[in-house]
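Undergrad: Provided below: upload-v5.cif, containing mmCIF, C-alpha atoms.
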data_my_file
loop_
_atom_site.label_atom_id
_atom_site.label_comp_id
_atom_site.auth_asym_id
_atom_site.auth_seq_id
_atom_site.Cartn_x
_atom_site.Cartn_y
_atom_site.Cartn_z
CA MET A 1 73.31 -41.12 -35.69
CA ASN A 2 70.91 -42.29 -38.32
CA LEU A 3 71.26 -41.88 -42.05
CA ARG A 4 69.12 -38.76 -42.19
CA SER A 5 71.20 -37.03 -39.54
CA ARG A 6 74.41 -37.94 -41.37
CA LEU A 7 73.08 -36.54 -44.61
CA LEU A 8 72.05 -33.31 -42.91
CA LEU A 9 75.48 -32.99 -41.28
CA LEU A 10 77.21 -33.58 -44.61
CA LEU A 11 75.03 -30.99 -46.29
CA ALA A 12 75.77 -28.46 -43.56
CA CYS A 13 79.49 -29.05 -43.94
CA LEU A 14 79.28 -28.54 -47.69
CA VAL A 15 77.35 -25.31 -47.27
CA ALA A 16 79.89 -24.09 -44.73
CA LEU A 17 82.90 -24.92 -46.86
CA LEU A 18 81.64 -24.01 -50.30
CA PRO A 19 81.66 -20.19 -50.10
CA GLY A 20 85.22 -20.07 -48.78
CA LYS A 21 86.42 -22.39 -51.47
CA MET A 22 84.61 -20.44 -54.12
CA TRP A 23 86.08 -17.19 -52.79
CA ALA A 24 89.56 -18.63 -52.90
CA GLN A 25 89.10 -19.67 -56.50
CA ASP A 26 87.58 -16.38 -57.55
CA ASP A 27 90.16 -14.16 -55.86
CA PRO A 28 93.01 -13.62 -58.36
CA GLY A 29 95.08 -11.90 -55.69
CA LYS A 30 95.43 -15.17 -53.86
CA ALA A 31 96.97 -16.86 -56.88
CA ASN A 32 100.17 -18.59 -55.89
CA ILE A 33 102.94 -17.18 -58.07
CA GLY A 34 105.93 -18.62 -56.26
CA ARG A 35 107.30 -20.04 -53.06
CA ILE A 36 109.67 -18.34 -50.70
CA SER A 37 111.91 -20.11 -48.22
CA VAL A 38 112.88 -18.20 -45.10
CA GLY A 39 115.43 -19.65 -42.72
CA VAL A 40 117.37 -18.62 -39.65
CA ILE A 41 120.94 -19.82 -39.21
CA TYR A 42 123.01 -19.59 -36.08
CA ALA A 43 126.58 -18.74 -37.09
CA THR A 44 129.34 -18.88 -34.52
CA ASP A 45 133.05 -19.33 -34.17
CA GLY A 46 132.45 -20.91 -30.79
CA ASP A 47 130.57 -23.95 -29.67
CA PRO A 48 127.54 -24.48 -31.91
CA ALA A 49 125.86 -26.44 -29.15
CA GLN A 50 125.19 -23.09 -27.47
CA ALA A 51 122.13 -22.86 -29.68
CA GLY A 52 120.84 -26.19 -28.46
CA GLU A 53 121.63 -29.80 -29.06
CA LYS A 54 118.71 -30.41 -31.35
CA PHE A 55 119.77 -28.11 -34.14
CA LYS A 56 121.47 -29.66 -37.12
CA LYS A 57 124.21 -28.36 -39.32
CA ALA A 58 123.18 -26.25 -42.22
CA SER A 59 123.32 -28.00 -45.55
CA ASP A 60 126.56 -28.06 -47.50
CA ARG A 61 125.06 -25.85 -50.18
CA ILE A 62 124.08 -23.17 -47.66
CA GLU A 63 127.44 -23.41 -45.92
CA LYS A 64 129.20 -22.94 -49.22
CA GLN A 65 127.10 -19.92 -50.03
CA LEU A 66 127.75 -18.46 -46.59
CA ARG A 67 131.48 -19.05 -46.66
CA SER A 68 131.74 -17.36 -50.04
CA GLU A 69 130.96 -14.08 -48.31
CA LYS A 70 133.66 -12.75 -46.03
CA ARG A 71 131.29 -11.11 -43.56
CA LEU A 72 129.29 -14.32 -43.23
CA THR A 73 132.24 -16.63 -42.68
CA PHE A 74 132.03 -18.45 -39.35
CA LYS A 75 133.32 -21.80 -38.19
CA ASN A 76 129.96 -23.33 -37.46
CA TYR A 77 126.47 -22.98 -38.79
CA ARG A 78 123.30 -24.39 -37.29
CA LEU A 79 119.89 -24.22 -38.87
CA LEU A 80 117.47 -22.98 -36.21
CA GLY A 81 114.34 -23.00 -38.34
CA ARG A 82 112.94 -22.66 -41.80
CA GLU A 83 109.59 -22.08 -43.36
CA VAL A 84 108.40 -22.22 -46.94
CA GLN A 85 105.53 -19.90 -47.71
CA PRO A 86 103.59 -19.28 -50.90
CA LEU A 87 104.03 -16.01 -52.70
CA PHE A 88 100.64 -14.57 -53.46
CA ARG A 89 99.95 -12.37 -56.42
CA SER A 90 98.74 -9.39 -54.44
CA TYR A 91 98.57 -10.34 -50.77
CA GLU A 92 101.43 -9.92 -48.39
CA ASN A 93 102.72 -12.89 -46.53
CA TRP A 94 104.44 -13.39 -43.21
CA SER A 95 107.03 -15.99 -42.47
CA GLN A 96 107.72 -17.06 -38.93
CA PRO A 97 110.73 -19.34 -39.29
CA LEU A 98 111.29 -19.78 -35.55
CA LYS A 99 107.69 -20.61 -34.78
CA PRO A 100 106.30 -20.49 -32.14
CA SER A 101 108.74 -17.70 -31.33
CA ASP A 102 108.04 -14.43 -33.12
CA GLU A 103 111.55 -13.15 -32.46
CA VAL A 104 112.24 -13.24 -36.21
CA LEU A 105 109.53 -12.40 -38.70
CA VAL A 106 109.81 -11.72 -42.40
CA ARG A 107 107.08 -9.99 -44.32
CA PHE A 108 107.22 -10.23 -48.09
CA GLU A 109 105.05 -9.49 -51.07
CA ALA A 110 105.47 -9.58 -54.80
CA ARG A 111 106.52 -6.31 -56.37
CA THR A 112 105.74 -7.51 -59.87
CA LEU A 113 104.97 -10.82 -61.44
CA PRO A 114 107.99 -13.14 -61.30
CA THR A 115 109.79 -13.81 -64.53
CA ALA A 116 111.86 -16.78 -65.54
CA LYS A 117 114.95 -14.90 -64.41
CA SER A 118 113.96 -13.16 -61.20
CA THR A 119 111.33 -12.71 -58.53
CA PRO A 120 111.03 -9.09 -57.38
CA LEU A 121 109.97 -8.78 -53.76
CA ASP A 122 109.39 -6.15 -51.13
CA VAL A 123 110.79 -7.52 -47.90
CA GLU A 124 110.68 -6.45 -44.29
CA LEU A 125 112.62 -7.98 -41.43
CA TRP A 126 111.13 -7.76 -37.98
CA LEU A 127 113.20 -8.57 -34.92
CA SER A 128 111.71 -8.68 -31.43
CA ARG A 129 108.41 -7.39 -32.90
CA LYS A 130 110.16 -4.33 -34.30
CA LYS A 131 110.71 -3.49 -37.94
CA ILE A 132 114.43 -3.39 -38.50
CA LEU A 133 114.89 -3.52 -42.24
CA LYS A 134 112.91 -2.77 -45.34
CA THR A 135 114.24 -3.49 -48.80
CA ASP A 136 113.34 -4.52 -52.29
CA ILE A 137 115.17 -7.45 -53.75
CA ASN A 138 115.25 -9.57 -56.86
CA LEU A 139 115.61 -13.21 -56.01
CA VAL A 140 117.35 -15.04 -58.78
CA GLY A 141 117.58 -18.80 -59.11
CA GLU A 142 119.43 -20.36 -56.20
CA LYS A 143 121.02 -17.10 -55.14
CA PRO A 144 119.61 -16.22 -51.71
CA LEU A 145 119.62 -13.03 -49.71
CA PHE A 146 121.44 -13.37 -46.41
CA VAL A 147 120.88 -10.80 -43.69
CA LEU A 148 123.54 -10.78 -41.02
CA GLY A 149 121.37 -10.08 -38.02
CA PRO A 150 121.57 -9.77 -34.27
CA GLN A 151 124.04 -11.33 -31.89
CA TRP A 152 122.89 -14.29 -29.86
CA ARG A 153 124.77 -16.63 -27.58
CA GLY A 154 128.19 -15.66 -28.84
CA GLY A 155 127.27 -15.82 -32.49
CA ARG A 156 125.09 -14.07 -35.03
CA LEU A 157 121.74 -14.96 -36.48
CA ILE A 158 121.68 -15.02 -40.27
CA ILE A 159 118.30 -14.77 -41.94
CA SER A 160 118.14 -16.32 -45.39
CA ILE A 161 115.47 -15.48 -47.94
CA ALA A 162 115.43 -17.50 -51.13
CA LEU A 163 113.24 -19.03 -53.75
CA ALA A 164 112.16 -22.45 -52.59
CA PRO A 165 113.64 -25.17 -54.80
CA LYS A 166 110.94 -26.84 -56.82
CA GLU A 167 112.02 -30.43 -56.33
CA ASN A 168 113.22 -30.40 -52.74
CA PRO A 169 112.14 -27.25 -50.95
CA ASP A 170 113.74 -28.34 -47.71
CA SER A 171 117.27 -28.49 -49.04
CA MET B 1 53.74 35.08 -90.91
CA ASN B 2 57.09 36.68 -91.45
CA THR B 3 56.87 40.38 -90.66
CA ASN B 4 60.58 41.08 -90.67
CA PRO B 5 61.63 43.47 -93.43
CA ASP B 6 64.30 42.64 -95.93
CA GLU B 7 67.56 43.51 -94.20
CA ALA B 8 69.21 44.73 -97.38
CA LYS B 9 66.29 46.97 -98.25
CA LEU B 10 66.14 48.28 -94.70
CA ALA B 11 69.86 49.19 -94.83
CA LEU B 12 69.38 50.99 -98.15
CA TRP B 13 66.34 52.81 -96.79
CA LEU B 14 68.22 53.94 -93.71
CA GLU B 15 70.95 55.35 -95.96
CA ASP B 16 68.39 57.01 -98.25
CA GLU B 17 69.61 54.81 -101.03
CA LEU B 18 66.29 53.21 -101.85
CA HIS B 19 64.48 54.73 -104.83
CA GLY B 20 61.53 54.32 -107.15
CA ASP B 21 58.94 51.60 -106.83
CA GLU B 22 61.04 49.75 -104.29
CA LEU B 23 60.95 52.81 -102.02
CA LYS B 24 57.20 53.21 -102.42
CA SER B 25 56.37 49.62 -101.71
CA PHE B 26 58.82 49.47 -98.84
CA GLU B 27 57.55 52.66 -97.25
CA GLN B 28 54.03 51.27 -97.15
CA TRP B 29 55.27 49.03 -94.42
CA ILE B 30 58.22 50.92 -92.94
CA LEU B 31 56.31 54.10 -92.23
CA THR B 32 54.15 52.15 -89.83
CA GLN B 33 57.26 51.30 -87.79
CA PRO B 34 58.16 54.29 -85.60
CA GLU B 35 61.40 52.75 -84.32
CA HIS B 36 62.75 52.44 -87.87
CA ILE B 37 61.76 56.00 -88.68
CA ALA B 38 63.60 57.14 -85.56
CA ALA B 39 66.62 55.11 -86.60
CA ARG B 40 66.67 56.77 -90.03
CA GLU B 41 66.47 60.21 -88.45
CA GLU B 42 69.41 59.28 -86.25
CA VAL B 43 71.43 58.19 -89.27
CA ARG B 44 70.56 61.37 -91.13
CA HIS B 45 71.59 63.42 -88.12
CA TRP B 46 74.97 61.67 -87.91
CA LYS B 47 75.60 62.06 -91.64
CA GLN B 48 74.84 65.75 -91.44
CA MET B 49 77.12 66.20 -88.47
CA ILE B 50 79.99 64.31 -90.12
CA SER B 51 79.67 66.22 -93.38
CA ALA B 52 79.75 69.48 -91.48
CA THR B 53 82.90 68.46 -89.62
CA LEU B 54 84.98 66.75 -92.30
CA PRO B 55 85.92 68.29 -95.66
CA GLU B 56 84.65 66.56 -98.73
CA SER B 57 88.14 65.89 -99.98
CA GLU B 58 91.62 66.31 -98.57
CA GLU B 59 94.91 66.50 -100.29
CA PRO B 60 97.40 63.91 -99.19
CA PRO B 61 100.32 65.19 -97.14
CA TYR B 62 103.49 65.89 -99.09
CA PRO B 63 101.79 65.48 -102.46
CA ASP B 64 105.00 65.99 -104.39
CA PHE B 65 106.73 63.19 -102.61
CA PHE B 66 103.68 60.98 -102.96
CA ASN B 67 103.43 61.57 -106.69
CA SER B 68 107.16 61.14 -107.28
CA ARG B 69 107.12 57.76 -105.57
CA ILE B 70 104.22 56.66 -107.72
CA MET B 71 105.91 57.81 -110.92
CA GLN B 72 109.14 56.09 -109.89
CA ALA B 73 107.28 52.83 -109.30
CA ILE B 74 105.62 53.11 -112.68
CA SER B 75 108.83 53.92 -114.56
CA GLN B 76 110.81 51.03 -113.12
CA PRO B 77 110.91 48.08 -115.43
CA VAL B 78 109.32 45.00 -114.08
CA THR B 79 112.08 42.63 -113.04
CA ALA B 80 111.91 39.28 -114.58
CA ALA B 81 110.57 36.59 -112.34
CA PRO B 82 113.15 34.07 -111.26
CA PRO B 83 113.22 31.24 -113.67
CA ILE B 84 111.47 28.15 -112.47
CA SER B 85 113.95 25.40 -112.34
CA THR B 86 112.76 22.55 -114.35
CA PRO B 87 113.90 19.19 -113.15
CA LYS B 88 116.57 17.74 -115.27
CA ALA B 89 116.13 14.35 -116.62
CA THR B 90 117.41 11.94 -113.98
CA PRO B 91 119.96 9.49 -115.25
CA PHE B 92 118.74 5.97 -115.37
CA TRP B 93 121.31 4.65 -112.88
CA LYS B 94 120.26 7.29 -110.31
CA SER B 95 116.63 6.25 -110.46
CA TRP B 96 117.38 2.85 -108.94
CA LEU B 97 120.58 3.67 -107.06
CA MET B 98 118.86 5.96 -104.52
CA PRO B 99 116.16 3.46 -103.40
CA ALA B 100 118.70 0.66 -103.42
CA SER B 101 121.14 2.57 -101.24
CA ALA B 102 118.33 3.54 -98.84
CA PHE B 103 117.25 -0.06 -98.57
CA ALA B 104 120.84 -1.17 -97.96
CA GLY B 105 121.17 1.43 -95.21
CA MET B 106 118.01 0.25 -93.49
CA ALA B 107 119.15 -3.35 -93.68
CA LEU B 108 122.54 -2.41 -92.23
CA ALA B 109 120.92 -0.49 -89.37
CA PHE B 110 118.66 -3.43 -88.59
CA TRP B 111 121.59 -5.83 -88.58
CA VAL B 112 123.62 -3.56 -86.31
CA GLY B 113 120.66 -3.34 -83.95
CA THR B 114 120.31 -7.08 -83.68
CA GLN B 115 124.02 -7.49 -83.08
CA THR B 116 123.95 -4.82 -80.39
CA SER B 117 121.12 -6.48 -78.48
CA HIS B 118 122.92 -9.81 -78.58
CA THR B 119 126.01 -8.17 -77.25
CA GLU B 120 124.05 -6.69 -74.33
CA VAL B 121 122.70 -10.09 -73.36
CA ARG B 122 126.16 -11.58 -73.40
CA GLN B 123 127.47 -8.73 -71.31
CA THR B 124 124.68 -9.24 -68.81
CA ALA B 125 125.50 -12.86 -68.47
CA SER B 126 129.24 -12.40 -68.21
CA ALA B 127 129.36 -9.25 -66.12
CA PRO B 128 126.37 -9.18 -63.81
CA SER B 129 127.87 -6.60 -61.54
CA LYS B 130 127.33 -3.85 -64.13
CA THR B 131 123.63 -4.44 -64.60
CA GLU B 132 122.66 -6.03 -61.31
CA PHE B 133 119.63 -4.75 -59.49
CA GLN B 134 120.50 -2.29 -56.74
CA PRO B 135 118.01 -2.61 -53.91
CA ILE B 136 116.92 0.20 -51.65
CA VAL B 137 117.86 -0.65 -48.08
CA TYR B 138 116.01 1.23 -45.38
CA THR B 139 116.36 0.90 -41.65
CA PRO B 140 113.55 2.60 -39.71
CA ASP B 141 115.65 2.51 -36.55
CA GLY B 142 118.21 5.27 -36.88
CA GLU B 143 120.73 3.35 -34.78
CA VAL B 144 120.76 0.45 -37.19
CA ASN B 145 123.02 0.55 -40.19
CA ALA B 146 122.54 -1.73 -43.18
CA VAL B 147 125.03 -2.37 -45.96
CA TRP B 148 124.13 -4.34 -49.06
CA THR B 149 126.63 -6.25 -51.12
CA SER B 150 126.21 -8.80 -53.84
CA GLY B 151 128.43 -11.73 -54.55
CA ALA B 152 128.33 -14.53 -57.04
CA ASP B 153 126.54 -16.95 -54.73
CA ALA B 154 124.42 -14.65 -52.58
CA SER B 155 123.32 -11.14 -51.85
CA VAL B 156 124.17 -9.93 -48.38
CA ILE B 157 122.82 -7.25 -46.11
CA VAL B 158 124.92 -6.68 -43.02
CA LEU B 159 123.05 -5.13 -40.13
CA GLU B 160 125.04 -3.29 -37.50
CA GLY B 161 123.65 -1.70 -34.40
CA VAL B 162 120.85 -4.20 -33.90
CA ASN B 163 120.06 -4.98 -30.30
CA PRO B 164 121.31 -8.47 -29.45
CA ILE B 165 118.78 -11.12 -28.69
CA PRO B 166 119.02 -12.04 -25.00
CA ASP B 167 120.88 -15.27 -24.47
CA ALA B 168 117.98 -16.41 -22.33
CA THR B 169 115.84 -16.60 -25.43
CA ASP B 170 115.46 -20.24 -26.27
CA PHE B 171 114.67 -21.48 -29.73
CA THR B 172 114.75 -25.16 -28.92
CA GLU B 173 110.98 -25.24 -29.11
CA THR B 174 111.17 -24.17 -32.72
CA VAL B 175 108.90 -26.19 -34.90
CA TYR B 176 110.45 -26.90 -38.25
CA MET B 177 108.01 -25.93 -40.91
CA ASP B 178 109.34 -28.18 -43.60
CA THR B 179 106.13 -28.36 -45.55
CA ASP B 180 104.21 -25.74 -47.40
CA HIS B 181 101.55 -23.90 -45.54
CA GLU B 182 98.88 -22.25 -47.55
CA ILE B 183 98.37 -19.57 -44.96
CA ASP B 184 96.41 -16.54 -45.89
CA SER B 185 98.57 -14.02 -44.11
CA THR B 186 95.97 -11.31 -44.34
CA ALA B 187 93.61 -13.46 -42.34
CA GLY B 188 96.19 -13.99 -39.63
CA ARG B 189 97.63 -10.54 -39.40
CA ASP B 190 95.95 -9.74 -36.14
CA SER B 191 98.45 -11.89 -34.35
CA LEU B 192 101.40 -10.21 -36.03
CA PRO B 193 102.95 -6.88 -35.20
CA HIS B 194 102.33 -3.84 -37.34
#
Write the structure described by the file as structure tokens, please.

TA:
Amino acid sequence: MNLRSRLLLLLACLVALLPGKMWAQDDPGKANIGRISVGVIYATDGDPAQAGEKFKKASDRIEKQLRSEKRLTFKNYRLLGREVQPLFRSYENWSQPLKPSDEVLVRFEARTLPTAKSTPLDVELWLSRKKILKTDINLVGEKPLFVLGPQWRGGRLIISIALAPKENPDS
Amino acid sequence: MNTNPDEAKLALWLEDELHGDELKSFEQWILTQPEHIAAREEVRHWKQMISATLPESEEPPYPDFFNSRIMQAISQPVTAAPPISTPKATPFWKSWLMPASAFAGMALAFWVGTQTSHTEVRQTASAPSKTEFQPIVYTPDGEVNAVWTSGADASVIVLEGVNPIPDATDFTETVYMDTDHEIDSTAGRDSLPH
């Protein structure tokens, strides 16, 4: 490929990419106004290896939060998956924490602009491609929403929805 | 050219109230207008008919009573009008005490308001359960029941009646999405259920 061909290819790439980039910048609805962490936890009083050997224990912080609620108290917790998604100003967003499986899906969108104290959200929980729950929540600080969900392999799946920590979103 | 007659003169002429030189000069024009002549004849006809029907004067009913009431009203002395109260000279101390007390009241109300708002903030921080947001929980599937509770560390929704996920379902292929993904969900909605 000679120099002229390379220049033409570069120009074509710029032309192809520029409108999309410009659209993204001009669209205020796509402004990122927060980040939402959605996770799925396998909670069981039995053998946690039933979920699979690869899954690790949930973090101490999550375990503490779970054990503080009587209905969520189990002997073992395993983190099956987690996804951090941006919260757009006006667009809805889908989280697929068990990707590639779509067994658990969470749809969320901002109800109003987040404040320093809370992030109001409209949330839907889809299980097995079926809408199971619709609610409006205010996420506050490190206080998550836990949804005690379906039974699976002798335990329950717990779906957590929380604001992603700024410094270490994976914790 | 304005050919309209003077409205006032026309009204007087219709009522036969126009006299002298005014009548002569006015009739030089009005007698060439047959519709006005017809109108005056109509007015004359109505006046004649009314005068033939109604008496020229009529005594009021119960004249004695009427006259006695009039004489009584005349003979009654005119009652003195209520005296207009003239403002008394305001004492000097009252002239500044009223504004000062009003100002003090406003200042007190403002101070109480600020103290009240501070108290509400403290109550919110110390007793969140009283002011905490109550979400609406809706389950489209009638067989599913959802109960929301809120604790100090987390909010909880307990779902009951949800179909269990088959044990054969394997999540070991789950890909941890530990990094942010700037996914435009609206662009990828075709692959998601609705």

Undergrad: What are the closest atom pairs, with distances in Å to one decimal, for each residue of chain A lying within 8 Å of chain B, using only C-alpha atoms, rows by chain and rising residue number, as CSV?

TA:
residue,atom,partner,partner_atom,distance
A:Ala51,CA,B:Phe171,CA,7.6
A:Gly52,CA,B:Thr172,CA,6.2
A:Lys54,CA,B:Thr172,CA,7.0
A:Phe55,CA,B:Thr172,CA,7.8
A:Gln65,CA,B:Asp153,CA,5.6
A:Leu66,CA,B:Ala154,CA,7.8
A:Ser68,CA,B:Asp153,CA,7.0
A:Glu69,CA,B:Gly151,CA,7.1
A:Arg71,CA,B:Val158,CA,7.8
A:Leu80,CA,B:Phe171,CA,7.2
A:Gly81,CA,B:Tyr176,CA,5.5
A:Arg82,CA,B:Met177,CA,6.0
A:Glu83,CA,B:Met177,CA,4.8
A:Val84,CA,B:Asp180,CA,5.5
A:Gln85,CA,B:Asp180,CA,6.0
A:Pro86,CA,B:Glu182,CA,6.5
A:Tyr91,CA,B:Thr186,CA,7.0
A:Glu92,CA,B:Ser185,CA,6.6
A:Asn93,CA,B:Ser185,CA,4.9
A:Trp94,CA,B:Ser185,CA,6.0
A:Pro97,CA,B:Met177,CA,7.3
A:Leu98,CA,B:Thr174,CA,5.2
A:Lys99,CA,B:Thr174,CA,5.4
A:Pro100,CA,B:Thr174,CA,6.1
A:Ser101,CA,B:Thr174,CA,7.0
A:Ser128,CA,B:Ile165,CA,8.0
A:Arg129,CA,B:Pro193,CA,5.9
A:Lys130,CA,B:Pro193,CA,7.7
A:Lys131,CA,B:Pro140,CA,6.9
A:Ile132,CA,B:Thr139,CA,5.7
A:Leu133,CA,B:Thr139,CA,4.7
A:Lys134,CA,B:Tyr138,CA,5.1
A:Thr135,CA,B:Val137,CA,4.7
A:Asp136,CA,B:Pro135,CA,5.3
A:Ile137,CA,B:Pro135,CA,5.6
A:Asn138,CA,B:Phe133,CA,7.0
A:Lys143,CA,B:Ala154,CA,4.9
A:Pro144,CA,B:Ala154,CA,5.1
A:Leu145,CA,B:Ser155,CA,4.7
A:Phe146,CA,B:Val156,CA,4.8
A:Val147,CA,B:Ile157,CA,4.7
A:Leu148,CA,B:Val158,CA,4.8
A:Gly149,CA,B:Leu159,CA,5.6
A:Pro150,CA,B:Pro164,CA,5.0
A:Gln151,CA,B:Pro164,CA,4.6
A:Trp152,CA,B:Ile165,CA,5.3
A:Arg153,CA,B:Asp167,CA,5.2
A:Pro169,CA,B:Asp178,CA,7.9
A:Asp170,CA,B:Asp178,CA,6.0

Undergrad: Separation of atom CA of B:Ala38 and atom CA of B:Leu23, in Å?

TA: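 Calculated distance between atom CA of B:Ala38 and atom CA of B:Leu23 is 17.2 Å.
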
Undergrad: What gap, in Å, lies between atom CA of A:Thr44 and atom CA of A:Phe74?

TA: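 So the answer is 5.5 Å.
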
Undergrad: Kindly list the centre and edge lengths in Å, rounded to one decimal, for the axis-aligned box that covers all listed atoms of stretch 84-91 of chain A plus 8 Å on each of its six sides, as AutoDock Vina command-line options.

TA:
--center_x 103.5 --center_y -15.8 --center_z -51.7 --size_x 25.8 --size_y 28.8 --size_z 25.5

Undergrad: Take the PyMOL selection byres ((chain A and resi 107) around 9), apply it to the structure above, and return the hits as a list in words.

TA: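 On this input, the PyMOL selection byres ((chain A and resi 107) around 9) captures Glu92, Asn93, Trp94, Ser95, Gln96, Leu105, Val106, Phe108, Glu109, Asp122, Val123, Glu124, Leu125 and Trp126 of chain A.
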
Undergrad: For atom CA of A:Val104 and atom CA of A:Ile62, determine how far apart the two atoms are, in Å to one decimal place.

TA: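 Separating atom CA of A:Val104 from atom CA of A:Ile62 is a distance of 19.2 Å.
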
Undergrad: Spell out the residues picked by the PyMOL selection byres ((chain A and resi 161) around 8) here, as a PyMOL selection string.

TA: chain A and resi 36-39+144-146+159-160+162-163

Undergrad: Using only C-alpha atoms, which of the listed residues (B:Arg69, B:Trp13, B:Leu18, B:Trp29) sits closest to B:Arg44?

TA: B:Trp13

Undergrad: Name the residues in contact with B:Ile30 at a cut-off of 10 Å, using all atoms listed in the file, excluding same-chain residues fewer than 5 positions from it; report them as number ranges by chain.

TA: B: 5, 10, 13, 23-25, 35-37

Undergrad: When the PyMOL selection byres ((chain A and resi 46) around 10) is applied to the file above, which residues end up in the set, as a list in words?

TA: Ala43, Thr44, Asp45, Asp47, Pro48, Ala49, Gln50, Phe74, Lys75, Asn76, Arg153, Gly154 and Gly155 of chain A
